[in-house]
$ cat structure_36.txt   # compact mmCIF, N, CA and C atoms
# COMPACT_ATOMS: atom_id res chain seq x y z
N MET L 2 -33.52 -54.65 5.08
CA MET L 2 -32.45 -54.38 6.01
C MET L 2 -31.16 -54.01 5.27
N TRP L 3 -30.82 -54.83 4.26
CA TRP L 3 -29.61 -54.57 3.49
C TRP L 3 -29.70 -53.22 2.77
N LEU L 4 -30.88 -52.91 2.24
CA LEU L 4 -31.10 -51.66 1.51
C LEU L 4 -30.94 -50.47 2.43
N LYS L 5 -31.40 -50.61 3.66
CA LYS L 5 -31.28 -49.52 4.63
C LYS L 5 -29.82 -49.26 4.98
N LYS L 6 -29.01 -50.32 5.16
CA LYS L 6 -27.59 -50.15 5.45
C LYS L 6 -26.87 -49.50 4.27
N ARG L 7 -27.25 -49.88 3.07
CA ARG L 7 -26.63 -49.31 1.86
C ARG L 7 -26.93 -47.82 1.76
N LYS L 8 -28.15 -47.41 2.05
CA LYS L 8 -28.53 -45.99 2.02
C LYS L 8 -27.74 -45.20 3.08
N ILE L 9 -27.57 -45.80 4.23
CA ILE L 9 -26.81 -45.15 5.30
C ILE L 9 -25.36 -44.97 4.88
N GLU L 10 -24.77 -46.00 4.25
CA GLU L 10 -23.39 -45.89 3.77
C GLU L 10 -23.25 -44.79 2.73
N ILE L 11 -24.20 -44.71 1.80
CA ILE L 11 -24.16 -43.66 0.77
C ILE L 11 -24.28 -42.29 1.42
N LEU L 12 -25.16 -42.18 2.40
CA LEU L 12 -25.35 -40.91 3.10
C LEU L 12 -24.09 -40.52 3.87
N GLU L 13 -23.44 -41.47 4.52
CA GLU L 13 -22.20 -41.19 5.25
C GLU L 13 -21.09 -40.72 4.31
N LYS L 14 -20.97 -41.36 3.15
CA LYS L 14 -19.96 -40.95 2.17
C LYS L 14 -20.24 -39.53 1.67
N ALA L 15 -21.50 -39.22 1.44
CA ALA L 15 -21.86 -37.88 0.98
C ALA L 15 -21.54 -36.83 2.05
N ILE L 16 -21.81 -37.16 3.31
CA ILE L 16 -21.51 -36.24 4.40
C ILE L 16 -20.01 -36.03 4.53
N GLU L 17 -19.22 -37.10 4.41
CA GLU L 17 -17.76 -36.99 4.47
C GLU L 17 -17.23 -36.13 3.33
N LYS L 18 -17.76 -36.34 2.13
CA LYS L 18 -17.33 -35.54 0.97
C LYS L 18 -17.67 -34.07 1.17
N LEU L 19 -18.87 -33.79 1.67
CA LEU L 19 -19.28 -32.41 1.94
C LEU L 19 -18.40 -31.78 3.00
N SER L 20 -18.09 -32.52 4.04
CA SER L 20 -17.22 -32.02 5.11
C SER L 20 -15.83 -31.71 4.57
N HIS L 21 -15.30 -32.58 3.75
CA HIS L 21 -13.98 -32.38 3.16
C HIS L 21 -13.98 -31.13 2.27
N THR L 22 -15.02 -30.97 1.47
CA THR L 22 -15.13 -29.80 0.58
C THR L 22 -15.20 -28.51 1.38
N LEU L 23 -15.97 -28.51 2.47
CA LEU L 23 -16.09 -27.32 3.31
C LEU L 23 -14.75 -26.98 3.98
N GLU L 24 -14.01 -27.99 4.41
CA GLU L 24 -12.71 -27.74 5.03
C GLU L 24 -11.72 -27.19 4.03
N GLU L 25 -11.71 -27.71 2.81
CA GLU L 25 -10.77 -27.22 1.79
C GLU L 25 -11.05 -25.78 1.42
N GLY L 26 -12.28 -25.38 1.34
CA GLY L 26 -12.63 -24.03 0.93
C GLY L 26 -12.71 -23.03 2.07
N ASN L 27 -12.37 -23.44 3.27
CA ASN L 27 -12.45 -22.58 4.46
C ASN L 27 -13.84 -21.99 4.65
N TYR L 28 -14.85 -22.73 4.23
CA TYR L 28 -16.21 -22.22 4.37
C TYR L 28 -16.64 -22.15 5.82
N VAL L 29 -16.08 -23.00 6.65
CA VAL L 29 -16.41 -22.98 8.07
C VAL L 29 -15.96 -21.66 8.68
N GLU L 30 -14.73 -21.24 8.33
CA GLU L 30 -14.22 -19.97 8.85
C GLU L 30 -15.05 -18.80 8.33
N TRP L 31 -15.42 -18.85 7.05
CA TRP L 31 -16.25 -17.77 6.49
C TRP L 31 -17.59 -17.70 7.21
N ALA L 32 -18.19 -18.84 7.48
CA ALA L 32 -19.47 -18.86 8.17
C ALA L 32 -19.32 -18.27 9.57
N TYR L 33 -18.19 -18.56 10.23
CA TYR L 33 -17.94 -18.00 11.56
C TYR L 33 -17.82 -16.48 11.49
N LEU L 34 -17.08 -16.01 10.48
CA LEU L 34 -16.88 -14.57 10.35
C LEU L 34 -18.19 -13.84 10.04
N LEU L 35 -19.02 -14.45 9.23
CA LEU L 35 -20.28 -13.81 8.89
C LEU L 35 -21.20 -13.69 10.10
N GLY L 36 -21.04 -14.59 11.03
CA GLY L 36 -21.89 -14.55 12.21
C GLY L 36 -21.32 -13.71 13.33
N ASN L 37 -20.03 -13.36 13.30
CA ASN L 37 -19.38 -12.65 14.39
C ASN L 37 -18.89 -11.28 13.91
N LYS L 38 -19.66 -10.25 14.18
CA LYS L 38 -19.34 -8.90 13.69
C LYS L 38 -18.09 -8.33 14.37
N LYS L 39 -17.87 -8.65 15.63
CA LYS L 39 -16.68 -8.15 16.32
C LYS L 39 -15.41 -8.68 15.67
N GLU L 40 -15.45 -9.95 15.25
CA GLU L 40 -14.28 -10.56 14.59
C GLU L 40 -14.00 -9.88 13.25
N ILE L 41 -15.05 -9.55 12.52
CA ILE L 41 -14.89 -8.86 11.24
C ILE L 41 -14.25 -7.49 11.46
N ILE L 42 -14.76 -6.76 12.44
CA ILE L 42 -14.23 -5.42 12.73
C ILE L 42 -12.77 -5.51 13.15
N LYS L 43 -12.44 -6.47 14.01
CA LYS L 43 -11.07 -6.63 14.49
C LYS L 43 -10.13 -6.95 13.34
N ARG L 44 -10.49 -7.89 12.49
CA ARG L 44 -9.63 -8.26 11.36
C ARG L 44 -9.45 -7.11 10.38
N ASN L 45 -10.54 -6.40 10.07
CA ASN L 45 -10.43 -5.29 9.13
C ASN L 45 -9.62 -4.14 9.71
N LEU L 46 -9.73 -3.90 11.00
CA LEU L 46 -8.95 -2.85 11.64
C LEU L 46 -7.46 -3.17 11.56
N LEU L 47 -7.10 -4.40 11.91
CA LEU L 47 -5.70 -4.81 11.84
C LEU L 47 -5.17 -4.79 10.41
N ALA L 48 -5.99 -5.21 9.46
CA ALA L 48 -5.57 -5.19 8.05
C ALA L 48 -5.36 -3.75 7.59
N GLY L 49 -6.24 -2.84 7.99
CA GLY L 49 -6.09 -1.43 7.61
C GLY L 49 -4.84 -0.80 8.20
N ILE L 50 -4.56 -1.11 9.45
CA ILE L 50 -3.35 -0.58 10.10
C ILE L 50 -2.11 -1.11 9.38
N ALA L 51 -2.10 -2.40 9.08
CA ALA L 51 -0.95 -3.00 8.39
C ALA L 51 -0.75 -2.37 7.01
N ARG L 52 -1.83 -2.15 6.28
CA ARG L 52 -1.71 -1.51 4.96
C ARG L 52 -1.18 -0.10 5.09
N GLY L 53 -1.69 0.65 6.06
CA GLY L 53 -1.24 2.02 6.25
C GLY L 53 0.23 2.12 6.59
N VAL L 54 0.67 1.26 7.49
CA VAL L 54 2.10 1.25 7.86
C VAL L 54 2.95 0.84 6.67
N GLY L 55 2.51 -0.16 5.94
CA GLY L 55 3.25 -0.61 4.76
C GLY L 55 3.37 0.45 3.70
N ILE L 56 2.29 1.16 3.45
CA ILE L 56 2.32 2.25 2.47
C ILE L 56 3.25 3.36 2.94
N GLY L 57 3.18 3.71 4.20
CA GLY L 57 4.04 4.76 4.74
C GLY L 57 5.52 4.42 4.61
N ILE L 58 5.87 3.19 4.98
CA ILE L 58 7.26 2.76 4.88
C ILE L 58 7.70 2.71 3.42
N GLY L 59 6.84 2.18 2.56
CA GLY L 59 7.18 2.07 1.14
C GLY L 59 7.41 3.42 0.49
N VAL L 60 6.54 4.37 0.76
CA VAL L 60 6.70 5.72 0.18
C VAL L 60 7.97 6.37 0.71
N THR L 61 8.27 6.19 1.98
CA THR L 61 9.48 6.78 2.56
C THR L 61 10.73 6.22 1.89
N VAL L 62 10.78 4.91 1.72
CA VAL L 62 11.95 4.28 1.12
C VAL L 62 12.12 4.72 -0.33
N ILE L 63 11.03 4.72 -1.09
CA ILE L 63 11.11 5.11 -2.50
C ILE L 63 11.52 6.57 -2.63
N THR L 64 10.97 7.44 -1.80
CA THR L 64 11.35 8.86 -1.84
C THR L 64 12.82 9.04 -1.50
N ALA L 65 13.30 8.33 -0.50
CA ALA L 65 14.72 8.43 -0.13
C ALA L 65 15.62 7.97 -1.27
N ILE L 66 15.25 6.88 -1.91
CA ILE L 66 16.05 6.38 -3.04
C ILE L 66 16.05 7.39 -4.18
N LEU L 67 14.89 7.96 -4.48
CA LEU L 67 14.82 8.96 -5.55
C LEU L 67 15.67 10.19 -5.23
N LEU L 68 15.62 10.64 -3.99
CA LEU L 68 16.43 11.81 -3.61
C LEU L 68 17.93 11.50 -3.74
N ILE L 69 18.32 10.32 -3.33
CA ILE L 69 19.74 9.95 -3.46
C ILE L 69 20.15 9.91 -4.92
N LEU L 70 19.30 9.32 -5.77
CA LEU L 70 19.61 9.27 -7.20
C LEU L 70 19.68 10.68 -7.80
N LEU L 71 18.76 11.53 -7.39
CA LEU L 71 18.78 12.91 -7.91
C LEU L 71 20.04 13.64 -7.47
N GLN L 72 20.46 13.43 -6.24
CA GLN L 72 21.69 14.08 -5.77
C GLN L 72 22.90 13.56 -6.56
N LYS L 73 22.91 12.28 -6.90
CA LYS L 73 24.02 11.73 -7.70
C LYS L 73 24.03 12.36 -9.10
N ILE L 74 22.86 12.56 -9.66
CA ILE L 74 22.77 13.18 -10.99
C ILE L 74 23.27 14.61 -10.94
N VAL L 75 22.97 15.33 -9.87
CA VAL L 75 23.43 16.72 -9.73
C VAL L 75 24.95 16.76 -9.69
N THR L 76 25.56 15.78 -9.03
CA THR L 76 27.02 15.78 -8.94
C THR L 76 27.70 15.50 -10.27
N LEU L 77 26.96 14.99 -11.27
CA LEU L 77 27.52 14.76 -12.59
C LEU L 77 27.65 16.06 -13.40
N ASN L 78 27.06 17.13 -12.90
CA ASN L 78 27.12 18.44 -13.52
C ASN L 78 26.62 18.46 -14.96
N ILE L 79 25.51 17.83 -15.20
CA ILE L 79 24.86 17.94 -16.51
C ILE L 79 24.14 19.29 -16.51
N PRO L 80 24.42 20.17 -17.47
CA PRO L 80 23.98 21.56 -17.40
C PRO L 80 22.50 21.78 -17.13
N VAL L 81 21.62 21.34 -17.98
CA VAL L 81 20.20 21.65 -17.84
C VAL L 81 19.55 20.79 -16.76
N ILE L 82 19.82 19.49 -16.82
CA ILE L 82 19.19 18.56 -15.87
C ILE L 82 19.68 18.80 -14.45
N GLY L 83 20.97 19.06 -14.30
CA GLY L 83 21.54 19.27 -12.97
C GLY L 83 20.93 20.45 -12.25
N GLU L 84 20.74 21.57 -12.96
CA GLU L 84 20.15 22.76 -12.34
C GLU L 84 18.69 22.50 -11.94
N TYR L 85 17.96 21.84 -12.83
CA TYR L 85 16.55 21.55 -12.56
C TYR L 85 16.42 20.64 -11.34
N ILE L 86 17.23 19.62 -11.27
CA ILE L 86 17.17 18.68 -10.14
C ILE L 86 17.65 19.36 -8.86
N ALA L 87 18.65 20.21 -8.96
CA ALA L 87 19.13 20.93 -7.77
C ALA L 87 18.01 21.79 -7.20
N ASP L 88 17.22 22.42 -8.07
CA ASP L 88 16.08 23.21 -7.58
C ASP L 88 15.05 22.32 -6.88
N ILE L 89 14.79 21.15 -7.45
CA ILE L 89 13.82 20.23 -6.83
C ILE L 89 14.32 19.79 -5.46
N ILE L 90 15.59 19.46 -5.35
CA ILE L 90 16.15 19.00 -4.06
C ILE L 90 16.09 20.12 -3.03
N GLN L 91 16.37 21.34 -3.43
CA GLN L 91 16.29 22.47 -2.50
C GLN L 91 14.87 22.67 -2.00
N ILE L 92 13.90 22.55 -2.91
CA ILE L 92 12.49 22.71 -2.51
C ILE L 92 12.11 21.63 -1.51
N VAL L 93 12.51 20.40 -1.77
CA VAL L 93 12.19 19.29 -0.85
C VAL L 93 12.84 19.48 0.51
N GLU L 94 14.11 19.90 0.52
CA GLU L 94 14.82 20.09 1.78
C GLU L 94 14.25 21.26 2.58
N ARG L 95 13.78 22.30 1.90
CA ARG L 95 13.15 23.43 2.61
C ARG L 95 11.84 23.02 3.24
N SER L 96 11.12 22.11 2.60
CA SER L 96 9.81 21.70 3.12
C SER L 96 9.90 20.76 4.30
N ARG L 97 11.07 20.23 4.60
CA ARG L 97 11.24 19.32 5.75
C ARG L 97 11.12 20.05 7.00
$ encode --input "structure_36.txt" --output "structure tokens"
Amino acid sequence: MWLKKRKIEILEKAIEKLSHTLEEGNYVEWAYLLGNKKEIIKRNLLAGIARGVGIGIGVTVITAILLILLQKIVTLNIPVIGEYIADIIQIVERSR
């Protein structure tokens, strides 16, 4: 009788440890995702849209900053660099 209770206690501790490990590693969520294809598609679609919007905004901001810097350099009237940058700015403005 005592041996049976001891085995049950050991088994309960092992189950608790396993449960805790699964919760820490988010394995329950991963198992849910692997079984639910609609959830995978929904998450990946939203992640793709977020990445696309982020890249678009990032490229726009960086391009605007570069154009502003180039215009400032042109106003310094550095002979060779200023003419080259002025040509680049004109090409960009024509393409808008």
$ atom_distance --input "structure_36.txt" --atom1 "atom C of Leu4 (chain L)" --atom2 "CA of Glu24 (chain L)"
29.3 Å
$ axis_aligned_box --input "structure_36.txt" --around "region 3-7 of chain L" --padding-each-side "8 Å" --output "AutoDock Vina command-line options"
--center_x -29.0 --center_y -51.3 --center_z 3.5 --size_x 20.8 --size_y 23.0 --size_z 19.9
$ atom_distance --input "structure_36.txt" --atom1 "CA of Val93 (chain L)" --atom2 "atom C of Gly55 (chain L)"
21.3 Å
$ atom_distance --input "structure_36.txt" --atom1 "CA of Glu30 (chain L)" --atom2 "CA of Arg52 (chain L)"
22.6 Å
